[in-house]
Amino acid sequence: MQRVLVANRGEIALRVIRACRKAGLETVAIHSEADANSPHLWAADQAVCIGPAPALESYLKGNTILHVAKATGCDALHPGYGFLAENAAFATGCAENDIIFIGPAAEAIEIMGDKAEARRAAMRLGVPVVPGSEGSFTKPETAAEAAQAVGFPLLLKARSGGGGRGMRVVEGANSFESMFQQATAEASAAFGDGGVYLERYFSRVRHIEVQVLGDGDGNAVHLWERDCSTQRRHQKLVEEAHSPALDAATRKAICVSAVELTKGINYRGAGTVEFLYDPSDKSFYFIEMNTRIQVEHPVTEVLTGVDLVSEQLRIADGQGLTFVTPPIASGHAIEFRINAEDPAHAFRPSPGRIVSWRPPSGADIRLDSHTYPGYEVPSFYDSLLGKLIVCGNDRDDALVKSRLALDRFIVEGVATTIPFHLALLDDPEFQAGDIHTGWVDARGMGGLV
C-alpha cells in the first residue's frame, strides 16, 4: 500500500490519517460540504469534496467514493466506523476496483452483518448464543409463533445494522404486533432492510466485547475485553477495561470464545466480538460481531500499548499478525464519549458553534477529537465531539483521575455530556461497578444530572 483514501469524517478520520502518516502512507481525505473546515482535511495529503451535507448524498455514496479513490491514485481504502464500514457490497466494490479494503473480506462482513447468520456461525463453532429465533422475519404473523417459543420478555433486533435502531423490548404477547411493526419500520428506514429476529431479553446483564485481530488465514488473537454496560437506549456512553464484573476464569473463557469465532470465519483485520454477560450465574452469550474498528478502541490501546489502526494497516498490507499471544494488559482505562447533547433534556442534540474548547491534558489522559474553538458542530451526523480516555493503576485510581480530568474539561457554545459523566462518577452504584445495560434508562434519561 502507498496511498489510502480515508472514507470517513471527524475524529476517526483524523485518527486513521495519523496512523497512515506514521506508517509512511499518503492519504486522501473526503468530506461533505458541511465538513469543509474539519481538521482531517488539513492532516491529509489531499482532500476532495464528495457532495452535500446529508450522508446519503456524500459519505454513503459508495460509487462516488470509489471513483474518487481511483481518480486520486489510491490503492487502499480505510472505512473507519459507521457509514460504509460494514457494507459488504462496498468491500466487494473495492476489490473489483483493485483497491485494498482495510477490513475483513466481504464474505465475513456479510455473515456477521446478518445477525441470524452470525448466530448460526457462532453455534457451529461452539460459541454460546442468546436463546432466540433461528431466522428473521418481516411480518408479525409469521414471527408470533417463534415469539412463543423464545418466551417473553423478548428483544426484537434488526437483522442488519446496529446502534439500537430497529430494537424493541416486548414484555408480553399483547404488545408483540405493535412493537414488531415499530421495529421493522425503523430497521427498514435505517438500513433498507426490515428483517427482524427475536432474542430472549435479559433485564440485568452486562455488555462485554472482546477486541480481536485476525490475519484472514485462520489465525487470530484477542486483546482482552471491554465493558460497555453504561448505555442509554442501547447507545454506549462509557467504556472501560478490564470489566469490573468478570473474574479471571470468566474473562479467559469469553476471550477464548471470541478467538474461536474469529478463526472460524477466517476473519481479517480488527473486529469486536460482543457478548451479554449475566453476573448471576457467570454465563455469557454471543450477540454480534462488529467487523470494523470500534469507537472505543483507544481503551484497549492504552491498556495494551498496541496501536490497533496500525495493526489494521499491517494486516491489510499482507504483513500478518504482529503477535500470536495476547499482549500484557496492565492498569485500568475508561473512555468517556463527549457528545454535543444535553443530558438535562433527554440528551437532546446540541449542534452549534464551539466558543471555547479547553480539554484536560496529562500523562494519564488521552483525547481523540477533531474539535477546536470556532468549530461548527453539524446537525447531519452523530454528535461525538471527542473521546476522553483516562488510565490508572486500578479502577479506583482511574475513577479519581477521571473526575479531575472532567472537572478541567471546558466546553462552551454547545451542551455536552460532561455533566452526565461527572454525576456518573459520583454515583455509588457506578463507583462499585454495580450496573447493567438498562441502568441509565432505569434512572431516567437525565436522571443522574
# chains A, B, ... in the order shown; residues from 1 in each chain; ligands from 1
$ select_by_dssp --residues "stretch 290-409 of chain A" --states "helix (DSSP H, G or I)" --output "MDAnalysis selection string"
chainID A and resid 297:304 308:316 343:345 395:407
$ write_last_selection --atoms "C-alpha atoms" --output "mmCIF file, in the first residue's frame"
data_model
loop_
_atom_site.group_PDB
_atom_site.id
_atom_site.type_symbol
_atom_site.label_atom_id
_atom_site.label_comp_id
_atom_site.auth_asym_id
_atom_site.auth_seq_id
_atom_site.Cartn_x
_atom_site.Cartn_y
_atom_site.Cartn_z
ATOM 1 C CA HIS A 297 -10.742 1.123 20.531
ATOM 2 C CA PRO A 298 -8.489 3.589 22.454
ATOM 3 C CA VAL A 299 -9.463 1.842 25.710
ATOM 4 C CA THR A 300 -7.670 -1.274 24.505
ATOM 5 C CA GLU A 301 -4.786 0.729 23.062
ATOM 6 C CA VAL A 302 -3.919 2.476 26.331
ATOM 7 C CA LEU A 303 -4.343 -0.784 28.255
ATOM 8 C CA THR A 304 -2.089 -2.871 25.991
ATOM 9 C CA LEU A 308 -4.939 -1.053 16.558
ATOM 10 C CA VAL A 309 -5.218 1.133 13.463
ATOM 11 C CA SER A 310 -1.563 0.486 12.659
ATOM 12 C CA GLU A 311 -2.289 -3.229 13.027
ATOM 13 C CA GLN A 312 -5.179 -2.856 10.587
ATOM 14 C CA LEU A 313 -2.804 -1.297 8.058
ATOM 15 C CA ARG A 314 -0.193 -4.031 8.533
ATOM 16 C CA ILE A 315 -2.701 -6.858 8.132
ATOM 17 C CA ALA A 316 -4.316 -5.292 5.051
ATOM 18 C CA PRO A 343 -28.304 15.257 29.321
ATOM 19 C CA ALA A 344 -30.622 17.504 31.344
ATOM 20 C CA HIS A 345 -33.099 17.478 28.454
ATOM 21 C CA ARG A 395 -10.184 1.117 38.617
ATOM 22 C CA ASP A 396 -10.366 3.282 41.743
ATOM 23 C CA ASP A 397 -7.312 5.226 40.629
ATOM 24 C CA ALA A 398 -8.777 5.662 37.135
ATOM 25 C CA LEU A 399 -12.069 6.945 38.575
ATOM 26 C CA VAL A 400 -10.293 9.556 40.701
ATOM 27 C CA LYS A 401 -8.198 10.731 37.749
ATOM 28 C CA SER A 402 -11.300 10.786 35.537
ATOM 29 C CA ARG A 403 -13.108 13.175 37.856
ATOM 30 C CA LEU A 404 -10.106 15.504 37.935
ATOM 31 C CA ALA A 405 -9.866 15.412 34.137
ATOM 32 C CA LEU A 406 -13.582 16.020 33.533
ATOM 33 C CA ASP A 407 -13.568 18.879 36.051
#
$ residues_around --residues "A:Gly271" --least-positions-apart "6" --cutoff "8 Å" --atoms "only C-alpha atoms" --output "list in words"
Gln211, Val212, Leu213, Met289, Asn290, Thr291, Arg292, Ile293 and Gln294 of chain A
$ write_last_selection --atoms "all heavy atoms" --output "mmCIF file, in the first residue's frame"
data_model
loop_
_atom_site.group_PDB
_atom_site.id
_atom_site.type_symbol
_atom_site.label_atom_id
_atom_site.label_comp_id
_atom_site.auth_asym_id
_atom_site.auth_seq_id
_atom_site.Cartn_x
_atom_site.Cartn_y
_atom_site.Cartn_z
ATOM 1 N N GLN A 211 -11.895 -7.446 21.917
ATOM 2 C CA GLN A 211 -11.153 -6.947 20.766
ATOM 3 C C GLN A 211 -10.334 -8.080 20.165
ATOM 4 O O GLN A 211 -9.596 -8.772 20.872
ATOM 5 C CB GLN A 211 -10.221 -5.814 21.181
ATOM 6 C CG GLN A 211 -9.369 -5.244 20.061
ATOM 7 C CD GLN A 211 -10.207 -4.509 19.028
ATOM 8 O OE1 GLN A 211 -10.909 -3.570 19.359
ATOM 9 N NE2 GLN A 211 -10.119 -4.933 17.777
ATOM 10 N N VAL A 212 -10.468 -8.281 18.864
ATOM 11 C CA VAL A 212 -9.731 -9.341 18.188
ATOM 12 C C VAL A 212 -9.016 -8.810 16.957
ATOM 13 O O VAL A 212 -9.394 -7.778 16.390
ATOM 14 C CB VAL A 212 -10.658 -10.513 17.775
ATOM 15 C CG1 VAL A 212 -11.205 -11.239 18.994
ATOM 16 C CG2 VAL A 212 -11.797 -10.023 16.885
ATOM 17 N N LEU A 213 -7.979 -9.546 16.561
ATOM 18 C CA LEU A 213 -7.293 -9.322 15.295
ATOM 19 C C LEU A 213 -7.167 -10.671 14.601
ATOM 20 O O LEU A 213 -6.845 -11.678 15.243
ATOM 21 C CB LEU A 213 -5.885 -8.740 15.514
ATOM 22 C CG LEU A 213 -5.770 -7.316 16.056
ATOM 23 C CD1 LEU A 213 -4.315 -7.017 16.416
ATOM 24 C CD2 LEU A 213 -6.269 -6.297 15.040
ATOM 25 N N MET A 289 -20.972 -9.508 15.983
ATOM 26 C CA MET A 289 -19.578 -9.121 15.758
ATOM 27 C C MET A 289 -19.566 -7.853 14.928
ATOM 28 O O MET A 289 -20.215 -7.773 13.880
ATOM 29 C CB MET A 289 -18.798 -10.220 15.032
ATOM 30 C CG MET A 289 -17.325 -9.894 14.845
ATOM 31 S SD MET A 289 -16.414 -11.239 14.037
ATOM 32 C CE MET A 289 -14.716 -10.671 14.267
ATOM 33 N N ASN A 290 -18.833 -6.860 15.390
ATOM 34 C CA ASN A 290 -18.649 -5.625 14.634
ATOM 35 C C ASN A 290 -17.390 -5.769 13.797
ATOM 36 O O ASN A 290 -16.286 -5.899 14.341
ATOM 37 C CB ASN A 290 -18.540 -4.423 15.567
ATOM 38 C CG ASN A 290 -19.872 -4.108 16.220
ATOM 39 O OD1 ASN A 290 -20.893 -4.088 15.567
ATOM 40 N ND2 ASN A 290 -19.863 -3.873 17.517
ATOM 41 N N THR A 291 -17.565 -5.740 12.483
ATOM 42 C CA THR A 291 -16.468 -6.046 11.565
ATOM 43 C C THR A 291 -15.727 -4.776 11.152
ATOM 44 O O THR A 291 -15.600 -4.468 9.965
ATOM 45 C CB THR A 291 -17.021 -6.786 10.331
ATOM 46 O OG1 THR A 291 -18.081 -6.005 9.754
ATOM 47 C CG2 THR A 291 -17.574 -8.145 10.729
ATOM 48 N N ARG A 292 -15.224 -4.068 12.126
ATOM 49 C CA ARG A 292 -14.575 -2.770 11.885
ATOM 50 C C ARG A 292 -13.828 -2.352 13.147
ATOM 51 O O ARG A 292 -13.902 -3.014 14.172
ATOM 52 C CB ARG A 292 -15.630 -1.722 11.564
ATOM 53 C CG ARG A 292 -16.744 -1.676 12.628
ATOM 54 C CD ARG A 292 -17.723 -0.548 12.418
ATOM 55 N NE ARG A 292 -18.925 -0.681 13.229
ATOM 56 C CZ ARG A 292 -19.031 -0.391 14.519
ATOM 57 N NH1 ARG A 292 -17.969 0.032 15.186
ATOM 58 N NH2 ARG A 292 -20.178 -0.528 15.162
ATOM 59 N N ILE A 293 -13.164 -1.236 13.081
ATOM 60 C CA ILE A 293 -12.601 -0.614 14.270
ATOM 61 C C ILE A 293 -13.763 -0.006 15.056
ATOM 62 O O ILE A 293 -14.739 0.471 14.474
ATOM 63 C CB ILE A 293 -11.552 0.461 13.901
ATOM 64 C CG1 ILE A 293 -10.652 0.809 15.097
ATOM 65 C CG2 ILE A 293 -12.202 1.698 13.324
ATOM 66 C CD1 ILE A 293 -9.630 -0.226 15.422
ATOM 67 N N GLN A 294 -13.675 -0.062 16.391
ATOM 68 C CA GLN A 294 -14.740 0.455 17.232
ATOM 69 C C GLN A 294 -14.454 1.889 17.686
ATOM 70 O O GLN A 294 -13.291 2.300 17.786
ATOM 71 C CB GLN A 294 -14.891 -0.406 18.490
ATOM 72 C CG GLN A 294 -15.471 -1.789 18.221
ATOM 73 C CD GLN A 294 -16.977 -1.768 18.177
ATOM 74 O OE1 GLN A 294 -17.552 -1.482 17.133
ATOM 75 N NE2 GLN A 294 -17.621 -2.077 19.267
#
$ residues_around --residues "stretch 133-141 of chain A" --least-positions-apart "6" --cutoff "12 Å" --atoms "only C-alpha atoms" --output "JSON, numbers by chain"
{"A": [114, 115, 116, 117, 118, 119, 120, 121, 123, 147, 148, 149, 150, 151, 154, 155, 156, 157, 158, 159, 160, 166, 173, 175, 176, 177, 178, 179, 180, 181, 182, 183, 184, 185, 186, 187, 188, 193, 194, 195, 196, 197, 198, 199, 200]}
$ atom_distance --atom1 "atom CA of A:Gln235" --atom2 "atom CA of A:Val377"
19.8 Å
$ residues_around --residues "stretch 45-50 of chain A" --least-positions-apart "2" --cutoff "9 Å" --atoms "only C-alpha atoms" --output "list in words"
Glu26, Thr27, Val28, Ala29, Ile30, His31, Ser32, Glu33, Asp35, Ala36, His40, Leu41, Trp42, Ala43, Pro52, Glu57, Ser58, Tyr59, Lys61, Thr64, Ile65, Val68 and Thr72 of chain A
$ write_last_selection --atoms "N, CA, C and O atoms" --output "PDB file, in the first residue's frame"
ATOM      1  N   GLU A  26       0.681   7.805   2.155  1.00  0.00           N
ATOM      2  CA  GLU A  26      -0.018   9.022   1.777  1.00  0.00           C
ATOM      3  C   GLU A  26      -1.513   8.842   1.996  1.00  0.00           C
ATOM      4  O   GLU A  26      -2.022   7.712   2.007  1.00  0.00           O
ATOM      5  N   THR A  27      -2.223   9.954   2.172  1.00  0.00           N
ATOM      6  CA  THR A  27      -3.659   9.864   2.448  1.00  0.00           C
ATOM      7  C   THR A  27      -4.458  10.854   1.608  1.00  0.00           C
ATOM      8  O   THR A  27      -3.987  11.948   1.289  1.00  0.00           O
ATOM      9  N   VAL A  28      -5.665  10.438   1.284  1.00  0.00           N
ATOM     10  CA  VAL A  28      -6.651  11.311   0.638  1.00  0.00           C
ATOM     11  C   VAL A  28      -7.876  11.344   1.540  1.00  0.00           C
ATOM     12  O   VAL A  28      -8.418  10.292   1.901  1.00  0.00           O
ATOM     13  N   ALA A  29      -8.296  12.544   1.929  1.00  0.00           N
ATOM     14  CA  ALA A  29      -9.485  12.707   2.756  1.00  0.00           C
ATOM     15  C   ALA A  29     -10.670  13.073   1.886  1.00  0.00           C
ATOM     16  O   ALA A  29     -10.525  13.790   0.888  1.00  0.00           O
ATOM     17  N   ILE A  30     -11.835  12.580   2.262  1.00  0.00           N
ATOM     18  CA  ILE A  30     -13.067  13.022   1.612  1.00  0.00           C
ATOM     19  C   ILE A  30     -13.887  13.806   2.623  1.00  0.00           C
ATOM     20  O   ILE A  30     -13.713  13.653   3.829  1.00  0.00           O
ATOM     21  N   HIS A  31     -14.780  14.664   2.100  1.00  0.00           N
ATOM     22  CA  HIS A  31     -15.603  15.434   3.027  1.00  0.00           C
ATOM     23  C   HIS A  31     -16.864  15.911   2.324  1.00  0.00           C
ATOM     24  O   HIS A  31     -16.913  16.067   1.096  1.00  0.00           O
ATOM     25  N   SER A  32     -17.891  16.132   3.130  1.00  0.00           N
ATOM     26  CA  SER A  32     -19.105  16.758   2.623  1.00  0.00           C
ATOM     27  C   SER A  32     -18.939  18.273   2.711  1.00  0.00           C
ATOM     28  O   SER A  32     -17.980  18.780   3.307  1.00  0.00           O
ATOM     29  N   GLU A  33     -19.904  18.994   2.156  1.00  0.00           N
ATOM     30  CA  GLU A  33     -19.849  20.449   2.228  1.00  0.00           C
ATOM     31  C   GLU A  33     -19.907  20.938   3.672  1.00  0.00           C
ATOM     32  O   GLU A  33     -19.321  21.970   4.010  1.00  0.00           O
ATOM     33  N   ASP A  35     -18.492  19.588   6.185  1.00  0.00           N
ATOM     34  CA  ASP A  35     -17.220  19.306   6.870  1.00  0.00           C
ATOM     35  C   ASP A  35     -16.034  19.993   6.197  1.00  0.00           C
ATOM     36  O   ASP A  35     -14.889  19.551   6.318  1.00  0.00           O
ATOM     37  N   ALA A  36     -16.301  21.087   5.527  1.00  0.00           N
ATOM     38  CA  ALA A  36     -15.234  21.762   4.777  1.00  0.00           C
ATOM     39  C   ALA A  36     -14.137  22.307   5.674  1.00  0.00           C
ATOM     40  O   ALA A  36     -13.020  22.570   5.210  1.00  0.00           O
ATOM     41  N   HIS A  40      -9.375  16.841   9.645  1.00  0.00           N
ATOM     42  CA  HIS A  40      -8.824  15.699   8.912  1.00  0.00           C
ATOM     43  C   HIS A  40      -8.462  16.089   7.472  1.00  0.00           C
ATOM     44  O   HIS A  40      -7.604  15.459   6.856  1.00  0.00           O
ATOM     45  N   LEU A  41      -9.065  17.163   6.973  1.00  0.00           N
ATOM     46  CA  LEU A  41      -8.720  17.643   5.624  1.00  0.00           C
ATOM     47  C   LEU A  41      -7.334  18.258   5.612  1.00  0.00           C
ATOM     48  O   LEU A  41      -6.567  18.092   4.660  1.00  0.00           O
ATOM     49  N   TRP A  42      -7.007  18.956   6.691  1.00  0.00           N
ATOM     50  CA  TRP A  42      -5.706  19.615   6.769  1.00  0.00           C
ATOM     51  C   TRP A  42      -4.590  18.599   7.010  1.00  0.00           C
ATOM     52  O   TRP A  42      -3.444  18.808   6.620  1.00  0.00           O
ATOM     53  N   ALA A  43      -4.926  17.498   7.679  1.00  0.00           N
ATOM     54  CA  ALA A  43      -3.912  16.495   8.012  1.00  0.00           C
ATOM     55  C   ALA A  43      -3.573  15.606   6.824  1.00  0.00           C
ATOM     56  O   ALA A  43      -2.471  15.047   6.752  1.00  0.00           O
ATOM     57  N   PRO A  52     -23.107  17.177  -0.903  1.00  0.00           N
ATOM     58  CA  PRO A  52     -23.779  17.982   0.126  1.00  0.00           C
ATOM     59  C   PRO A  52     -23.713  17.332   1.500  1.00  0.00           C
ATOM     60  O   PRO A  52     -23.256  16.191   1.659  1.00  0.00           O
ATOM     61  N   GLU A  57     -26.038  11.704   0.529  1.00  0.00           N
ATOM     62  CA  GLU A  57     -25.542  12.390  -0.657  1.00  0.00           C
ATOM     63  C   GLU A  57     -24.028  12.576  -0.620  1.00  0.00           C
ATOM     64  O   GLU A  57     -23.462  13.222  -1.508  1.00  0.00           O
ATOM     65  N   SER A  58     -23.375  12.005   0.375  1.00  0.00           N
ATOM     66  CA  SER A  58     -21.921  12.168   0.479  1.00  0.00           C
ATOM     67  C   SER A  58     -21.253  10.900   1.020  1.00  0.00           C
ATOM     68  O   SER A  58     -20.821  10.045   0.231  1.00  0.00           O
ATOM     69  N   TYR A  59     -21.207  10.730   2.336  1.00  0.00           N
ATOM     70  CA  TYR A  59     -20.438   9.639   2.933  1.00  0.00           C
ATOM     71  C   TYR A  59     -21.009   8.249   2.668  1.00  0.00           C
ATOM     72  O   TYR A  59     -20.314   7.251   2.874  1.00  0.00           O
ATOM     73  N   LYS A  61     -22.311   7.454  -0.404  1.00  0.00           N
ATOM     74  CA  LYS A  61     -22.315   7.264  -1.859  1.00  0.00           C
ATOM     75  C   LYS A  61     -21.082   6.452  -2.256  1.00  0.00           C
ATOM     76  O   LYS A  61     -20.030   6.995  -2.631  1.00  0.00           O
ATOM     77  N   THR A  64     -19.386   6.963  -5.748  1.00  0.00           N
ATOM     78  CA  THR A  64     -18.652   8.227  -5.816  1.00  0.00           C
ATOM     79  C   THR A  64     -17.321   8.124  -5.092  1.00  0.00           C
ATOM     80  O   THR A  64     -16.273   8.580  -5.581  1.00  0.00           O
ATOM     81  N   ILE A  65     -17.337   7.508  -3.912  1.00  0.00           N
ATOM     82  CA  ILE A  65     -16.111   7.361  -3.129  1.00  0.00           C
ATOM     83  C   ILE A  65     -15.092   6.501  -3.868  1.00  0.00           C
ATOM     84  O   ILE A  65     -13.893   6.820  -3.901  1.00  0.00           O
ATOM     85  N   VAL A  68     -13.516   8.532  -6.604  1.00  0.00           N
ATOM     86  CA  VAL A  68     -12.501   9.451  -6.072  1.00  0.00           C
ATOM     87  C   VAL A  68     -11.220   8.694  -5.743  1.00  0.00           C
ATOM     88  O   VAL A  68     -10.106   9.168  -6.007  1.00  0.00           O
ATOM     89  N   THR A  72      -7.702   9.624  -7.615  1.00  0.00           N
ATOM     90  CA  THR A  72      -6.587  10.194  -6.845  1.00  0.00           C
ATOM     91  C   THR A  72      -5.444   9.207  -6.645  1.00  0.00           C
ATOM     92  O   THR A  72      -4.513   9.474  -5.883  1.00  0.00           O
TER      93      THR A  72
END
$ atom_distance --atom1 "atom CA of A:His207" --atom2 "atom CA of A:Met112"
17.9 Å
$ closest_residue --among "A:Ala55, A:Cys94, A:Ile265, A:Ala144" --to "A:Leu125" --atoms "only C-alpha atoms"
A:Ile265
$ atom_distance --atom1 "atom CA of A:Met167" --atom2 "atom CA of A:Glu274"
16.3 Å
$ residues_around --residues "stretch 356-367 of chain A" --least-positions-apart "3" --cutoff "10 Å" --atoms "only C-alpha atoms" --output "compact mmCIF listing (two decimals) with N, CA, C and O atoms, in the first residue's frame"
# COMPACT_ATOMS: atom_id res chain seq x y z
N GLU A 11 -13.38 12.53 14.18
CA GLU A 11 -12.20 12.09 14.92
C GLU A 11 -11.60 10.80 14.37
O GLU A 11 -10.38 10.64 14.39
N PRO A 298 -9.59 3.06 21.65
CA PRO A 298 -8.49 3.59 22.45
C PRO A 298 -8.39 2.98 23.85
O PRO A 298 -7.30 2.97 24.45
N VAL A 299 -9.52 2.48 24.39
CA VAL A 299 -9.46 1.84 25.71
C VAL A 299 -8.48 0.68 25.69
O VAL A 299 -7.63 0.53 26.59
N VAL A 302 -4.66 1.97 25.17
CA VAL A 302 -3.92 2.48 26.33
C VAL A 302 -3.67 1.37 27.34
O VAL A 302 -2.71 1.42 28.11
N ALA A 333 -8.46 1.39 32.23
CA ALA A 333 -8.72 2.52 31.33
C ALA A 333 -10.22 2.74 31.19
O ALA A 333 -10.99 1.78 31.14
N ILE A 334 -10.63 4.00 31.12
CA ILE A 334 -12.03 4.36 30.96
C ILE A 334 -12.14 5.41 29.85
O ILE A 334 -11.36 6.36 29.81
N GLU A 335 -13.12 5.22 28.97
CA GLU A 335 -13.38 6.20 27.91
C GLU A 335 -14.74 6.85 28.13
O GLU A 335 -15.74 6.16 28.36
N PHE A 336 -14.77 8.16 28.05
CA PHE A 336 -16.00 8.94 28.17
C PHE A 336 -16.28 9.58 26.81
O PHE A 336 -15.45 10.33 26.29
N ARG A 353 -21.93 26.37 17.29
CA ARG A 353 -20.52 26.75 17.24
C ARG A 353 -19.85 26.58 18.59
O ARG A 353 -20.37 27.01 19.62
N HIS A 370 -11.65 15.91 16.94
CA HIS A 370 -11.46 16.76 15.76
C HIS A 370 -11.97 18.18 16.04
O HIS A 370 -12.06 19.00 15.13
N THR A 371 -12.30 18.46 17.31
CA THR A 371 -12.97 19.71 17.67
C THR A 371 -11.96 20.79 18.05
O THR A 371 -10.88 20.49 18.57
N TYR A 372 -12.33 22.04 17.82
CA TYR A 372 -11.46 23.17 18.14
C TYR A 372 -12.33 24.41 18.36
O TYR A 372 -13.51 24.43 17.96
N PRO A 373 -11.81 25.45 19.00
CA PRO A 373 -12.60 26.68 19.18
C PRO A 373 -13.02 27.26 17.82
O PRO A 373 -12.18 27.43 16.93
N GLY A 374 -14.29 27.52 17.67
CA GLY A 374 -14.81 28.01 16.40
C GLY A 374 -15.38 26.92 15.51
O GLY A 374 -16.02 27.23 14.50
N TYR A 375 -15.19 25.67 15.90
CA TYR A 375 -15.72 24.56 15.10
C TYR A 375 -17.24 24.57 15.14
O TYR A 375 -17.85 24.76 16.19
N GLY A 386 -15.59 14.22 20.87
CA GLY A 386 -14.30 13.65 21.21
C GLY A 386 -14.45 12.55 22.23
O GLY A 386 -15.53 12.32 22.79
N LYS A 387 -13.35 11.85 22.46
CA LYS A 387 -13.33 10.75 23.42
C LYS A 387 -12.21 11.01 24.42
O LYS A 387 -11.04 11.13 24.03
N LEU A 388 -12.59 11.10 25.68
CA LEU A 388 -11.62 11.30 26.75
C LEU A 388 -11.30 9.94 27.35
O LEU A 388 -12.19 9.26 27.87
N ILE A 389 -10.05 9.54 27.28
CA ILE A 389 -9.62 8.25 27.81
C ILE A 389 -8.65 8.51 28.97
O ILE A 389 -7.66 9.24 28.81
N VAL A 390 -8.96 7.91 30.11
CA VAL A 390 -8.15 8.11 31.32
C VAL A 390 -7.70 6.74 31.81
O VAL A 390 -8.51 5.81 31.87
N CYS A 391 -6.44 6.62 32.18
CA CYS A 391 -5.94 5.35 32.70
C CYS A 391 -5.39 5.53 34.11
O CYS A 391 -4.95 6.62 34.49
N GLY A 392 -5.44 4.46 34.88
CA GLY A 392 -4.95 4.47 36.25
C GLY A 392 -4.34 3.13 36.60
O GLY A 392 -4.41 2.17 35.82
N ASN A 393 -3.75 3.05 37.79
CA ASN A 393 -3.14 1.81 38.23
C ASN A 393 -4.18 0.72 38.43
O ASN A 393 -3.91 -0.47 38.23
N ALA A 398 -8.28 5.10 38.40
CA ALA A 398 -8.78 5.66 37.13
C ALA A 398 -10.01 6.53 37.36
O ALA A 398 -10.16 7.57 36.71
N LYS A 401 -8.83 9.93 38.80
CA LYS A 401 -8.20 10.73 37.75
C LYS A 401 -9.23 11.21 36.72
O LYS A 401 -9.09 12.31 36.16
N SER A 402 -10.26 10.39 36.48
CA SER A 402 -11.30 10.79 35.54
C SER A 402 -12.06 12.01 36.02
O SER A 402 -12.37 12.92 35.24
N LEU A 404 -10.99 14.34 38.05
CA LEU A 404 -10.11 15.50 37.93
C LEU A 404 -10.03 15.99 36.49
O LEU A 404 -10.04 17.19 36.22
N ALA A 405 -9.97 15.05 35.55
CA ALA A 405 -9.87 15.41 34.14
C ALA A 405 -11.16 16.06 33.65
O ALA A 405 -11.14 17.09 32.97
N LEU A 406 -12.31 15.47 33.98
CA LEU A 406 -13.58 16.02 33.53
C LEU A 406 -13.87 17.37 34.17
O LEU A 406 -14.49 18.24 33.54
N ASP A 407 -13.42 17.58 35.39
CA ASP A 407 -13.57 18.88 36.05
C ASP A 407 -12.83 19.98 35.28
O ASP A 407 -13.24 21.15 35.30
N ARG A 408 -11.74 19.60 34.61
CA ARG A 408 -10.93 20.58 33.88
C ARG A 408 -11.33 20.71 32.41
O ARG A 408 -10.73 21.50 31.68
N PHE A 409 -12.32 19.93 31.98
CA PHE A 409 -12.72 19.91 30.58
C PHE A 409 -13.76 21.02 30.36
O PHE A 409 -14.90 20.91 30.79
N ILE A 410 -13.37 22.08 29.68
CA ILE A 410 -14.23 23.24 29.47
C ILE A 410 -14.70 23.29 28.02
O ILE A 410 -13.89 23.32 27.09
N VAL A 411 -16.01 23.25 27.84
CA VAL A 411 -16.61 23.42 26.51
C VAL A 411 -17.73 24.43 26.63
O VAL A 411 -18.62 24.30 27.48
N GLU A 412 -17.68 25.47 25.80
CA GLU A 412 -18.73 26.49 25.79
C GLU A 412 -19.26 26.67 24.37
O GLU A 412 -18.52 26.53 23.40
N GLY A 413 -20.54 26.95 24.28
CA GLY A 413 -21.19 27.17 22.99
C GLY A 413 -22.24 26.13 22.68
O GLY A 413 -23.23 26.42 22.02
N VAL A 414 -22.01 24.89 23.14
CA VAL A 414 -22.99 23.82 22.97
C VAL A 414 -23.07 23.03 24.27
O VAL A 414 -22.13 23.03 25.07
$ residues_around --residues "stretch 77-88 of chain A" --least-positions-apart "2" --cutoff "6 Å" --atoms "only C-alpha atoms" --output "list in words"
Val4, Leu5, Val6, Ala7, Asn8, Leu60, Phe90, Ala91, Phe101, Ile102, Ala106, Ile109 and Glu110 of chain A
$ write_last_selection --atoms "C-alpha atoms" --output "PDB file, in the first residue's frame"
ATOM      1  CA  VAL A   4      -5.003   5.392   1.378  1.00  0.00           C
ATOM      2  CA  LEU A   5      -8.382   7.020   0.904  1.00  0.00           C
ATOM      3  CA  VAL A   6      -9.997   7.626   4.309  1.00  0.00           C
ATOM      4  CA  ALA A   7     -13.725   7.134   3.743  1.00  0.00           C
ATOM      5  CA  ASN A   8     -14.977   8.807   6.892  1.00  0.00           C
ATOM      6  CA  LEU A  60     -22.845   6.863   1.896  1.00  0.00           C
ATOM      7  CA  PHE A  90     -18.793  -1.649  -0.783  1.00  0.00           C
ATOM      8  CA  ALA A  91     -15.977  -4.013   0.240  1.00  0.00           C
ATOM      9  CA  PHE A 101     -10.244  -2.655   1.679  1.00  0.00           C
ATOM     10  CA  ILE A 102      -8.673  -2.152   5.100  1.00  0.00           C
ATOM     11  CA  ALA A 106     -16.890  -9.080   2.076  1.00  0.00           C
ATOM     12  CA  ILE A 109     -18.955  -8.762   6.678  1.00  0.00           C
ATOM     13  CA  GLU A 110     -21.979 -10.391   5.073  1.00  0.00           C
TER      14      GLU A 110
END
$ closest_residue --among "A:Arg206, A:Arg18, A:Leu223, A:Ala340" --to "A:Lys282" --atoms "only C-alpha atoms"
A:Arg206
$ closest_residue --among "A:Ala245, A:Val169, A:Ala71, A:Val238" --to "A:Ser280" --atoms "only C-alpha atoms"
A:Ala245
$ closest_residue --among "A:His222, A:His242, A:His67, A:Arg233" --to "A:Cys255" --atoms "only C-alpha atoms"
A:His222
